[in-house]
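Q: Starting off with a structure, shown below.
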Amino acid sequence: MNWKRRIFGRGGIYGQLTEEIRAHIDEKVEELVAGGMAREDAEHAARREFGNVTLLEQRSREVWGWTAFENFLTDARYGLRNMRQSPVFAVVAILTLALGIGANTAIFSMVNGILLRALPYERPPGLYAVYETIQIGSRTFQSIPVNAGNFLNWRRECRSFEGIAVLMPINKNLDLKSGAVQVHGARASANLLPLLGVQPQLGRNFLAAEDQSGSDREVILTHSFWQAHFQSDPEILGKPILLNGDSFVVVGVLPASFYFPKPDQLYSTPFAGLTAPIQFFIPLGLQPNEKKPGFSFHNFAAIARLKPGVSREQALTDLNAVEAQIVKHDPNAGTARLQAELVPLKTAVTGQATAGLWILMAGAGVVLLIVCVNLASLLLARSLSRRHEVAVRVALGATRWRLLRQFVVEGLLLAAAGGALGLLLAYDGLQALVRSAPVSIPRVGSISVDGRVLLFSAAVSLLAGLLSSVLPALRLSRTPPGEAMKAAALAASGPRGTVRLRNALAVSEIAMCSVLLVAALLLAESLGQVLKANEWLDESHVLTLDLVLPHNEYASSDKRYQLYDTAIRKIEALPGVRAVGLVSALPLQGEMWTEGLDFQEAPQLETNPPLANFRFVSPEYFRAMACAW
């Protein structure tokens, strides 16, 4: 029998069955009447011979139909009637579930976007970030960017890798007809994108020959950069663009799905100006001074892919063998040591966000458990009013499994309604979380409600429905019919077993709430300490802006200084402005320039000078910053 007819045409099928049975009975009656029997006696005899018509129809329906599905629909209709009869209870239960399911869905969306889908590349487990560690005397500089000359030696001599690529973030001015726009990109070795398994949507990747200085005048654009500044021009390939006044030919456009970590996620030390996403790639084009291996010019981020079957320890041994040879051939190395580090790229990208997100997920799980316990208590209290109903159904032959199924289906209906509402709350809450997320959290733009999140929400709703309904259903289905029929004579609190179960649920709910309360208090105390430590900074009265100058108009330093002076004078003349200053990088943005220090009063060892980070400022900078101190 056609499955569509089974589902959507069951009424017609059952009607045909009734007519066919009636036809058989009528045929038998006519046969008996023709043999001389009275019609009334013939009808009784035909029915006796045919058997129980109702039982036959029921068995035929069980054979033709999907009994489990039909029983579920029956239970669902009965549950919906109960919800309509108790609207206040239904609304409270659905809202309670919506809060718990919505919180879990929103947090899981962040976990999914940031951690579970952290590396949308080919074979991500084999990708590693490479760092270097320098030990000079008693000082150790750990997890610093790599030296490009050392990278060239690794690529030439290490056999543990399918490939090693490097990049260096750069900021340039894109010259347009309407003016200049500061854009963020990277100098990248030609094998970087192929190493990640990325193929441009338009055009090609860099060629190996384009890595060389003098042949590095090509550029690959990201999809968003292509859309924003070139209006998705399909004829962009082969056209030149101006970066800092230099002409670069567009050879490729990356797909819209392409993701690349922000540069600061690939550097273990935060650097100012490296928090912006990459918008374009140009060839590496190493200069002669950058190709020198050793202990200087550690400016490059490195990504490596291990060969299949090679362990991290084997690859690290391979790298450090090359590092030892670099030190051995460096006449200025002295007792200095140089070593490599390998960190899974996923760990490098997600960083400290991993622990925090899993803690949030655990907290959301505890909230869901509290919600389930709370709903179970509500269902248990409501079950007292249904004990007489259960007793009647048991007396009429309902099995314990039949009763359990009915109450579980009712719990699942509540969970489905709560899950649907929770999904809407999660979507709105997720937008708020993304808008307020710190810039240090990776892959914020990848957080969304996708198919995996929808499956998670459905699973959580199912779990919540089962957890909240099973205990009350088990308790109610065990009630003896005789005891249930006397429900009106019992105390309002119910039988002793039910009271104990409700007390146990209340104790567990209080315990979980206490855990959450302690965690919330500790978090509030930590936040208070952070705010107290940053009381010196009152940014409410300080405004900042970036100056982006067309390179072809302000190529000379004199013209730039003149513009700065003019801008400062005009801004100082604005009403309400107390001071104006210039700085090469804003506070709290990480390192900018680092230089060794020496003191005339206390000369430092040349092999172990103290290092200091510094910025360039204008004379009025500190007076302007005094508004925030």
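Ordering of the structure tokens sets the chain letters (A, B, ...), residue numbers begin anew at 1 in every chain, and ligands are numbered from 1 in the order given.
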Could you list, as a PDB file with N, CA and C atoms, in the first residue's frame, every residue within 7 Å of Gln142 in chain A, counting only C-alpha atoms and ignoring same-chain residues fewer than 6 positions away?
A:
ATOM      1  N   GLU A 132      59.535  31.065  17.932  1.00  0.00           N
ATOM      2  CA  GLU A 132      60.920  30.842  18.332  1.00  0.00           C
ATOM      3  C   GLU A 132      61.120  31.316  19.765  1.00  0.00           C
ATOM      4  N   THR A 133      62.097  30.744  20.424  1.00  0.00           N
ATOM      5  CA  THR A 133      62.483  31.134  21.780  1.00  0.00           C
ATOM      6  C   THR A 133      63.979  31.436  21.796  1.00  0.00           C
ATOM      7  N   ILE A 134      64.329  32.599  22.324  1.00  0.00           N
ATOM      8  CA  ILE A 134      65.737  32.996  22.410  1.00  0.00           C
ATOM      9  C   ILE A 134      66.117  33.097  23.878  1.00  0.00           C
TER      10      ILE A 134
END
Q: Do a neighbour search on range 111-128 of chain A at 7 Å with only C-alpha atoms, toss out local chain neighbours closer than 4 positions, and write the hits as a PDB file with N, CA, C and O atoms, in the first residue's frame.
A:
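Written output follows (out_7.pdb):
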ATOM      1  N   ILE A 107      24.970  30.239  23.932  1.00  0.00           N
ATOM      2  CA  ILE A 107      26.361  29.935  24.290  1.00  0.00           C
ATOM      3  C   ILE A 107      26.946  28.899  23.334  1.00  0.00           C
ATOM      4  O   ILE A 107      28.099  29.007  22.903  1.00  0.00           O
ATOM      5  N   LEU A 196      46.980  26.014   3.227  1.00  0.00           N
ATOM      6  CA  LEU A 196      45.711  25.954   3.939  1.00  0.00           C
ATOM      7  C   LEU A 196      44.623  25.266   3.111  1.00  0.00           C
ATOM      8  O   LEU A 196      43.520  25.015   3.624  1.00  0.00           O
ATOM      9  N   GLY A 197      44.914  24.973   1.856  1.00  0.00           N
ATOM     10  CA  GLY A 197      43.918  24.366   0.988  1.00  0.00           C
ATOM     11  C   GLY A 197      42.933  25.378   0.435  1.00  0.00           C
ATOM     12  O   GLY A 197      41.787  25.027   0.134  1.00  0.00           O
ATOM     13  N   ILE A 303      53.281  29.390   9.745  1.00  0.00           N
ATOM     14  CA  ILE A 303      52.294  28.312   9.804  1.00  0.00           C
ATOM     15  C   ILE A 303      52.884  27.116   9.077  1.00  0.00           C
ATOM     16  O   ILE A 303      53.409  27.253   7.961  1.00  0.00           O
ATOM     17  N   ALA A 304      52.793  25.945   9.695  1.00  0.00           N
ATOM     18  CA  ALA A 304      53.367  24.733   9.108  1.00  0.00           C
ATOM     19  C   ALA A 304      52.326  23.629   9.068  1.00  0.00           C
ATOM     20  O   ALA A 304      51.403  23.588   9.887  1.00  0.00           O
ATOM     21  N   ARG A 305      52.476  22.742   8.096  1.00  0.00           N
ATOM     22  CA  ARG A 305      51.622  21.554   8.027  1.00  0.00           C
ATOM     23  C   ARG A 305      52.499  20.315   8.109  1.00  0.00           C
ATOM     24  O   ARG A 305      53.421  20.142   7.295  1.00  0.00           O
ATOM     25  N   LEU A 306      52.226  19.470   9.090  1.00  0.00           N
ATOM     26  CA  LEU A 306      53.013  18.249   9.266  1.00  0.00           C
ATOM     27  C   LEU A 306      52.656  17.221   8.204  1.00  0.00           C
ATOM     28  O   LEU A 306      51.513  17.148   7.743  1.00  0.00           O
ATOM     29  N   LEU A 342      56.194  24.625  18.536  1.00  0.00           N
ATOM     30  CA  LEU A 342      55.072  24.236  17.683  1.00  0.00           C
ATOM     31  C   LEU A 342      53.798  24.229  18.518  1.00  0.00           C
ATOM     32  O   LEU A 342      53.714  23.511  19.511  1.00  0.00           O
ATOM     33  N   VAL A 343      52.831  25.016  18.106  1.00  0.00           N
ATOM     34  CA  VAL A 343      51.550  25.103  18.802  1.00  0.00           C
ATOM     35  C   VAL A 343      50.452  24.800  17.789  1.00  0.00           C
ATOM     36  O   VAL A 343      50.458  25.357  16.682  1.00  0.00           O
ATOM     37  N   PRO A 344      49.507  23.895  18.108  1.00  0.00           N
ATOM     38  CA  PRO A 344      48.404  23.656  17.168  1.00  0.00           C
ATOM     39  C   PRO A 344      47.762  24.974  16.752  1.00  0.00           C
ATOM     40  O   PRO A 344      47.498  25.844  17.578  1.00  0.00           O
ATOM     41  N   LEU A 345      47.524  25.132  15.455  1.00  0.00           N
ATOM     42  CA  LEU A 345      47.003  26.396  14.956  1.00  0.00           C
ATOM     43  C   LEU A 345      45.657  26.735  15.601  1.00  0.00           C
ATOM     44  O   LEU A 345      45.363  27.904  15.869  1.00  0.00           O
ATOM     45  N   LYS A 346      44.843  25.731  15.869  1.00  0.00           N
ATOM     46  CA  LYS A 346      43.562  25.987  16.518  1.00  0.00           C
ATOM     47  C   LYS A 346      43.770  26.607  17.889  1.00  0.00           C
ATOM     48  O   LYS A 346      43.058  27.545  18.272  1.00  0.00           O
ATOM     49  N   THR A 350      42.336  30.327  18.867  1.00  0.00           N
ATOM     50  CA  THR A 350      41.307  30.502  19.898  1.00  0.00           C
ATOM     51  C   THR A 350      41.881  31.057  21.191  1.00  0.00           C
ATOM     52  O   THR A 350      41.201  31.784  21.911  1.00  0.00           O
ATOM     53  N   THR A 354      39.198  29.758  24.759  1.00  0.00           N
ATOM     54  CA  THR A 354      38.751  28.375  24.868  1.00  0.00           C
ATOM     55  C   THR A 354      38.222  28.062  26.260  1.00  0.00           C
ATOM     56  O   THR A 354      37.085  27.603  26.433  1.00  0.00           O
ATOM     57  N   LEU A 357      34.987  30.012  27.198  1.00  0.00           N
ATOM     58  CA  LEU A 357      33.770  29.564  26.523  1.00  0.00           C
ATOM     59  C   LEU A 357      33.262  28.248  27.096  1.00  0.00           C
ATOM     60  O   LEU A 357      32.050  28.067  27.260  1.00  0.00           O
ATOM     61  N   PRO A 442      38.304  35.597  19.140  1.00  0.00           N
ATOM     62  CA  PRO A 442      38.492  35.276  17.718  1.00  0.00           C
ATOM     63  C   PRO A 442      37.187  34.857  17.047  1.00  0.00           C
ATOM     64  O   PRO A 442      36.244  34.397  17.692  1.00  0.00           O
ATOM     65  N   ARG A 443      37.135  35.028  15.731  1.00  0.00           N
ATOM     66  CA  ARG A 443      36.063  34.520  14.881  1.00  0.00           C
ATOM     67  C   ARG A 443      34.677  34.981  15.320  1.00  0.00           C
ATOM     68  O   ARG A 443      33.697  34.245  15.176  1.00  0.00           O
ATOM     69  N   VAL A 444      34.575  36.178  15.861  1.00  0.00           N
ATOM     70  CA  VAL A 444      33.266  36.686  16.266  1.00  0.00           C
ATOM     71  C   VAL A 444      32.330  36.766  15.062  1.00  0.00           C
ATOM     72  O   VAL A 444      31.138  36.483  15.160  1.00  0.00           O
ATOM     73  N   SER A 446      32.053  34.784  12.733  1.00  0.00           N
ATOM     74  CA  SER A 446      31.597  33.463  12.309  1.00  0.00           C
ATOM     75  C   SER A 446      30.494  32.915  13.202  1.00  0.00           C
ATOM     76  O   SER A 446      30.004  31.807  12.956  1.00  0.00           O
ATOM     77  N   ILE A 447      30.127  33.656  14.240  1.00  0.00           N
ATOM     78  CA  ILE A 447      29.094  33.180  15.158  1.00  0.00           C
ATOM     79  C   ILE A 447      27.729  33.391  14.510  1.00  0.00           C
ATOM     80  O   ILE A 447      27.367  34.495  14.139  1.00  0.00           O
ATOM     81  N   SER A 448      26.970  32.309  14.376  1.00  0.00           N
ATOM     82  CA  SER A 448      25.649  32.394  13.761  1.00  0.00           C
ATOM     83  C   SER A 448      24.827  31.182  14.178  1.00  0.00           C
ATOM     84  O   SER A 448      25.357  30.223  14.749  1.00  0.00           O
TER      85      SER A 448
END
Q: As a PDB file with N, CA, C and O atoms, in the first residue's frame, please: every residue in range 176-319 of chain A that DSSP puts in alpha helix (DSSP H).
A:
ATOM      1  N   LEU A 192      51.431  29.990   1.158  1.00  0.00           N
ATOM      2  CA  LEU A 192      50.556  30.126   2.324  1.00  0.00           C
ATOM      3  C   LEU A 192      49.145  29.624   2.031  1.00  0.00           C
ATOM      4  O   LEU A 192      48.629  28.736   2.734  1.00  0.00           O
ATOM      5  N   LEU A 193      48.496  30.177   1.022  1.00  0.00           N
ATOM      6  CA  LEU A 193      47.118  29.788   0.737  1.00  0.00           C
ATOM      7  C   LEU A 193      47.008  28.337   0.276  1.00  0.00           C
ATOM      8  O   LEU A 193      46.105  27.615   0.735  1.00  0.00           O
ATOM      9  N   PRO A 194      47.888  27.834  -0.614  1.00  0.00           N
ATOM     10  CA  PRO A 194      47.832  26.400  -0.934  1.00  0.00           C
ATOM     11  C   PRO A 194      48.053  25.505   0.287  1.00  0.00           C
ATOM     12  O   PRO A 194      47.476  24.417   0.366  1.00  0.00           O
ATOM     13  N   LEU A 195      48.883  25.958   1.235  1.00  0.00           N
ATOM     14  CA  LEU A 195      49.126  25.173   2.440  1.00  0.00           C
ATOM     15  C   LEU A 195      47.837  24.989   3.241  1.00  0.00           C
ATOM     16  O   LEU A 195      47.614  23.939   3.856  1.00  0.00           O
ATOM     17  N   LEU A 196      46.980  26.014   3.227  1.00  0.00           N
ATOM     18  CA  LEU A 196      45.711  25.954   3.939  1.00  0.00           C
ATOM     19  C   LEU A 196      44.623  25.266   3.111  1.00  0.00           C
ATOM     20  O   LEU A 196      43.520  25.015   3.624  1.00  0.00           O
ATOM     21  N   HIS A 223      37.295  38.667  -0.496  1.00  0.00           N
ATOM     22  CA  HIS A 223      36.005  38.905  -1.134  1.00  0.00           C
ATOM     23  C   HIS A 223      35.380  40.204  -0.615  1.00  0.00           C
ATOM     24  O   HIS A 223      34.823  40.999  -1.403  1.00  0.00           O
ATOM     25  N   SER A 224      35.424  40.440   0.700  1.00  0.00           N
ATOM     26  CA  SER A 224      34.827  41.648   1.269  1.00  0.00           C
ATOM     27  C   SER A 224      35.547  42.903   0.789  1.00  0.00           C
ATOM     28  O   SER A 224      34.919  43.933   0.525  1.00  0.00           O
ATOM     29  N   PHE A 225      36.876  42.835   0.658  1.00  0.00           N
ATOM     30  CA  PHE A 225      37.661  43.964   0.156  1.00  0.00           C
ATOM     31  C   PHE A 225      37.298  44.262  -1.309  1.00  0.00           C
ATOM     32  O   PHE A 225      37.129  45.420  -1.706  1.00  0.00           O
ATOM     33  N   TRP A 226      37.142  43.210  -2.086  1.00  0.00           N
ATOM     34  CA  TRP A 226      36.753  43.340  -3.495  1.00  0.00           C
ATOM     35  C   TRP A 226      35.368  43.976  -3.624  1.00  0.00           C
ATOM     36  O   TRP A 226      35.132  44.841  -4.465  1.00  0.00           O
ATOM     37  N   GLN A 227      34.445  43.574  -2.746  1.00  0.00           N
ATOM     38  CA  GLN A 227      33.101  44.140  -2.786  1.00  0.00           C
ATOM     39  C   GLN A 227      33.086  45.595  -2.345  1.00  0.00           C
ATOM     40  O   GLN A 227      32.447  46.441  -2.983  1.00  0.00           O
ATOM     41  N   ALA A 228      33.779  45.907  -1.238  1.00  0.00           N
ATOM     42  CA  ALA A 228      33.692  47.234  -0.640  1.00  0.00           C
ATOM     43  C   ALA A 228      34.354  48.306  -1.497  1.00  0.00           C
ATOM     44  O   ALA A 228      33.831  49.417  -1.621  1.00  0.00           O
ATOM     45  N   HIS A 229      35.507  48.000  -2.092  1.00  0.00           N
ATOM     46  CA  HIS A 229      36.279  49.043  -2.777  1.00  0.00           C
ATOM     47  C   HIS A 229      36.262  48.940  -4.301  1.00  0.00           C
ATOM     48  O   HIS A 229      36.646  49.898  -4.979  1.00  0.00           O
ATOM     49  N   PHE A 230      35.822  47.774  -4.810  1.00  0.00           N
ATOM     50  CA  PHE A 230      35.818  47.620  -6.265  1.00  0.00           C
ATOM     51  C   PHE A 230      34.468  47.125  -6.782  1.00  0.00           C
ATOM     52  O   PHE A 230      34.370  46.658  -7.904  1.00  0.00           O
ATOM     53  N   PRO A 263      45.937  38.989  12.611  1.00  0.00           N
ATOM     54  CA  PRO A 263      47.375  38.800  12.831  1.00  0.00           C
ATOM     55  C   PRO A 263      47.759  38.630  14.302  1.00  0.00           C
ATOM     56  O   PRO A 263      48.651  37.847  14.624  1.00  0.00           O
ATOM     57  N   ASP A 264      47.080  39.363  15.202  1.00  0.00           N
ATOM     58  CA  ASP A 264      47.472  39.263  16.613  1.00  0.00           C
ATOM     59  C   ASP A 264      47.210  37.878  17.173  1.00  0.00           C
ATOM     60  O   ASP A 264      47.771  37.510  18.211  1.00  0.00           O
ATOM     61  N   GLN A 265      46.346  37.071  16.516  1.00  0.00           N
ATOM     62  CA  GLN A 265      46.102  35.707  16.980  1.00  0.00           C
ATOM     63  C   GLN A 265      47.252  34.769  16.605  1.00  0.00           C
ATOM     64  O   GLN A 265      47.368  33.680  17.169  1.00  0.00           O
ATOM     65  N   LEU A 266      48.073  35.175  15.643  1.00  0.00           N
ATOM     66  CA  LEU A 266      49.213  34.356  15.249  1.00  0.00           C
ATOM     67  C   LEU A 266      50.502  34.798  15.936  1.00  0.00           C
ATOM     68  O   LEU A 266      51.527  34.142  15.793  1.00  0.00           O
ATOM     69  N   ARG A 312      54.141  15.701  16.466  1.00  0.00           N
ATOM     70  CA  ARG A 312      54.603  17.047  16.807  1.00  0.00           C
ATOM     71  C   ARG A 312      56.022  16.980  17.366  1.00  0.00           C
ATOM     72  O   ARG A 312      56.862  17.838  17.057  1.00  0.00           O
ATOM     73  N   GLU A 313      56.317  15.973  18.194  1.00  0.00           N
ATOM     74  CA  GLU A 313      57.650  15.852  18.801  1.00  0.00           C
ATOM     75  C   GLU A 313      58.713  15.623  17.732  1.00  0.00           C
ATOM     76  O   GLU A 313      59.819  16.183  17.796  1.00  0.00           O
ATOM     77  N   GLN A 314      58.417  14.774  16.739  1.00  0.00           N
ATOM     78  CA  GLN A 314      59.377  14.535  15.662  1.00  0.00           C
ATOM     79  C   GLN A 314      59.649  15.811  14.876  1.00  0.00           C
ATOM     80  O   GLN A 314      60.800  16.130  14.548  1.00  0.00           O
ATOM     81  N   ALA A 315      58.583  16.550  14.559  1.00  0.00           N
ATOM     82  CA  ALA A 315      58.756  17.790  13.804  1.00  0.00           C
ATOM     83  C   ALA A 315      59.536  18.821  14.609  1.00  0.00           C
ATOM     84  O   ALA A 315      60.381  19.551  14.057  1.00  0.00           O
ATOM     85  N   LEU A 316      59.284  18.892  15.906  1.00  0.00           N
ATOM     86  CA  LEU A 316      59.996  19.855  16.747  1.00  0.00           C
ATOM     87  C   LEU A 316      61.480  19.509  16.836  1.00  0.00           C
ATOM     88  O   LEU A 316      62.349  20.398  16.805  1.00  0.00           O
ATOM     89  N   THR A 317      61.784  18.226  16.922  1.00  0.00           N
ATOM     90  CA  THR A 317      63.186  17.801  16.921  1.00  0.00           C
ATOM     91  C   THR A 317      63.867  18.194  15.616  1.00  0.00           C
ATOM     92  O   THR A 317      65.019  18.656  15.603  1.00  0.00           O
ATOM     93  N   ASP A 318      63.154  18.034  14.520  1.00  0.00           N
ATOM     94  CA  ASP A 318      63.678  18.408  13.209  1.00  0.00           C
ATOM     95  C   ASP A 318      63.969  19.913  13.157  1.00  0.00           C
ATOM     96  O   ASP A 318      65.035  20.346  12.685  1.00  0.00           O
ATOM     97  N   LEU A 319      63.046  20.733  13.642  1.00  0.00           N
ATOM     98  CA  LEU A 319      63.234  22.188  13.644  1.00  0.00           C
ATOM     99  C   LEU A 319      64.409  22.597  14.518  1.00  0.00           C
ATOM    100  O   LEU A 319      65.248  23.435  14.133  1.00  0.00           O
TER     101      LEU A 319
END
Q: Please provide as a list of chain:residue names all residues within 12 Å of Leu32 in chain A, with the sequence filter that same-chain residues fewer than 6 positions apart are discarded (counting only C-alpha atoms).
A: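 Listed by chain and then number, they are A:Ile25, A:Asp26, A:Ala38, A:Arg39, A:Glu40, A:Asp41, A:Ala42, A:Glu43, A:His44, A:Ala45, A:Ala46, A:Arg47, A:Glu49.
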Q: So that I can check the secondary structure, give me every residue of range 152-380 of chain A assigned strand (DSSP E or B) by backbone DSSP, as number ranges by chain.
A: A: 161-176, 179-188, 202-203, 212, 218-221, 240-243, 246-253, 271, 280-283, 286, 298-306, 337-344
Q: I want to know what sits within 12 Å of Gly411 in chain A, based on only C-alpha atoms, with residues of the same chain fewer than 4 positions away left out; could you give that as a ChimeraX atom specification?
A: /A:75-76,79-80,82-83,90,93-94,97,372,375-376,378-380,404-407,415-419,461-473
Q: Store the residues picked out above in a file with C-alpha atoms, as a tab-separated table (two decimals), in the first residue's frame.
A:
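Just written: selection-v4.tsv:
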chain	number	residue	atom	x	y	z
A	75	ASP	CA	-1.16	11.42	23.06
A	76	ALA	CA	-0.17	14.78	21.55
A	79	GLY	CA	-1.64	16.75	25.86
A	80	LEU	CA	-2.64	19.86	23.91
A	82	ASN	CA	-4.58	19.51	28.90
A	83	MET	CA	-2.42	22.55	28.11
A	90	ALA	CA	1.59	25.90	30.35
A	93	ALA	CA	6.48	25.97	32.02
A	94	ILE	CA	7.16	27.16	28.46
A	97	LEU	CA	12.15	26.14	29.45
A	372	CYS	CA	14.52	20.91	34.34
A	375	LEU	CA	9.77	22.10	35.75
A	376	ALA	CA	9.80	18.60	37.23
A	378	LEU	CA	5.85	21.93	38.75
A	379	LEU	CA	4.78	18.75	36.93
A	380	LEU	CA	4.93	16.75	40.15
A	404	LEU	CA	4.49	6.87	31.05
A	405	ARG	CA	4.27	7.53	27.33
A	406	GLN	CA	1.37	9.93	27.78
A	407	PHE	CA	3.17	12.06	30.39
A	415	ALA	CA	9.83	21.36	25.65
A	416	ALA	CA	9.12	21.83	21.93
A	417	ALA	CA	7.22	25.05	22.59
A	418	GLY	CA	9.93	26.22	25.02
A	419	GLY	CA	12.64	25.28	22.53
A	461	SER	CA	14.76	20.58	24.01
A	462	LEU	CA	14.33	16.80	23.80
A	463	LEU	CA	16.63	16.27	26.77
A	464	ALA	CA	14.84	18.93	28.81
A	465	GLY	CA	11.46	17.39	28.02
A	466	LEU	CA	12.63	13.91	29.08
A	467	LEU	CA	14.42	15.06	32.24
A	468	SER	CA	11.51	17.14	33.45
A	469	SER	CA	8.74	14.61	32.73
A	470	VAL	CA	10.19	11.19	33.53
A	471	LEU	CA	10.34	11.55	37.33
A	472	PRO	CA	6.77	12.83	37.76
A	473	ALA	CA	5.53	10.24	35.27
Q: With only C-alpha atoms as the atoms that count, which of A:Ala626, A:Gln231, A:Leu543, A:Pro308 lies nearest to Ile571 in chain A?
A: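 Ranking A:Ala626, A:Gln231, A:Leu543, A:Pro308 by distance to Ile571 in chain A, first place goes to A:Leu543.
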Q: Within 10 Å of Glu553 in chain A, counting only C-alpha atoms, which residues show up once you throw out same-chain ones fewer than 6 positions away? Write them as a list in words, please.
A: Ala180, Gly245, Lys559 and Arg560 of chain A
Q: Would you mind reading off the distance between CA of Glu210 in chain A and CA of Ser247 in chain A, one decimal, in Å?
A: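 Straight-line distance from CA of Glu210 in chain A to CA of Ser247 in chain A works out to 14.8 Å.
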Q: Using only C-alpha atoms, which of the listed residues (A:Val33, A:Arg337, A:Phe108, A:Pro619) sits closest to Ala362 in chain A?
A: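 Result for the nearest residue to Ala362 in chain A: A:Phe108.
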Q: Once you count only C-alpha atoms, what closest atom pair and distance in Å to one decimal does each residue of range 114-175 of chain A within 8 Å of range 270-294 of chain A have, with rows by chain and rising residue number, as a Markdown table?
A:
| residue | atom | partner | partner_atom | distance |
| --- | --- | --- | --- | --- |
| A:Asn147 | CA | A:Pro293 | CA | 6.6 |
| A:Ala148 | CA | A:Lys291 | CA | 5.8 |
| A:Gly149 | CA | A:Pro293 | CA | 3.9 |
| A:Asn150 | CA | A:Pro293 | CA | 4.8 |
| A:Leu152 | CA | A:Lys291 | CA | 7.6 |
| A:Asn153 | CA | A:Pro293 | CA | 7.9 |
| A:Leu167 | CA | A:Leu284 | CA | 7.1 |
| A:Pro169 | CA | A:Leu274 | CA | 7.1 |
Q: Hey, what's within 12 Å of Leu455 in chain A if we count only C-alpha atoms and toss same-chain stuff fewer than 2 positions away? As a list in words, please?
A: Thr105, Phe108, Ser109, Asn112, Gly419, Leu423, Val449, Asp450, Gly451, Arg452, Val453, Ser457, Ala458, Ala459, Val460, Ser461 and Leu462 of chain A
Q: Restricting the calculation to only C-alpha atoms: of A:Met625, A:Val219, A:Leu254, A:Leu369, which residue gets closest to Pro240 in chain A?
A: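 Residue with the minimum atom-to-atom distance to Pro240 in chain A: A:Val219.
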Q: If we count only C-alpha atoms and set the cut-off at 6 Å, which residues sit around Glu323 in chain A, ignoring sequence neighbours fewer than 2 positions away in its own chain? Please answer as a list in words.
A: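 With the cut-off at 6 Å, the set is Asn320, Ala321, Gln325, Ile326, Leu338 and Gln339 of chain A.
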Q: Those residues with all heavy atoms, as a tab-separated table (two decimals), in the first residue's frame please?
A:
chain	number	residue	atom	x	y	z
A	320	ASN	N	64.49	22.02	15.70
A	320	ASN	CA	65.54	22.42	16.64
A	320	ASN	C	66.93	21.98	16.18
A	320	ASN	O	67.93	22.60	16.55
A	320	ASN	CB	65.23	21.88	18.03
A	320	ASN	CG	64.15	22.70	18.73
A	320	ASN	OD1	64.05	23.90	18.53
A	320	ASN	ND2	63.34	22.04	19.54
A	321	ALA	N	66.98	20.93	15.39
A	321	ALA	CA	68.28	20.55	14.81
A	321	ALA	C	68.77	21.64	13.87
A	321	ALA	O	69.97	21.99	13.85
A	321	ALA	CB	68.15	19.21	14.09
A	325	GLN	N	72.09	24.44	14.27
A	325	GLN	CA	73.08	24.74	13.24
A	325	GLN	C	73.16	26.25	12.97
A	325	GLN	O	74.24	26.80	12.70
A	325	GLN	CB	72.70	24.00	11.94
A	325	GLN	CG	72.86	22.49	12.03
A	325	GLN	CD	74.31	22.10	12.30
A	325	GLN	OE1	75.26	22.63	11.69
A	325	GLN	NE2	74.50	21.17	13.25
A	326	ILE	N	72.02	26.96	13.06
A	326	ILE	CA	72.02	28.41	12.87
A	326	ILE	C	72.86	29.08	13.95
A	326	ILE	O	73.68	29.97	13.68
A	326	ILE	CB	70.58	28.94	12.89
A	326	ILE	CG1	69.82	28.45	11.66
A	326	ILE	CG2	70.56	30.47	12.95
A	326	ILE	CD1	68.34	28.78	11.67
A	338	LEU	N	68.83	29.17	20.66
A	338	LEU	CA	67.70	29.43	19.77
A	338	LEU	C	66.92	28.13	19.60
A	338	LEU	O	67.50	27.11	19.24
A	338	LEU	CB	68.20	29.93	18.41
A	338	LEU	CG	67.16	30.36	17.38
A	338	LEU	CD1	66.42	31.60	17.87
A	338	LEU	CD2	67.84	30.65	16.04
A	339	GLN	N	65.63	28.19	19.90
A	339	GLN	CA	64.79	26.99	19.77
A	339	GLN	C	63.46	27.35	19.13
A	339	GLN	O	63.03	28.51	19.16
A	339	GLN	CB	64.54	26.35	21.15
A	339	GLN	CG	65.77	25.66	21.73
A	339	GLN	CD	65.43	24.90	23.00
A	339	GLN	OE1	64.82	25.46	23.90
A	339	GLN	NE2	65.82	23.65	23.05
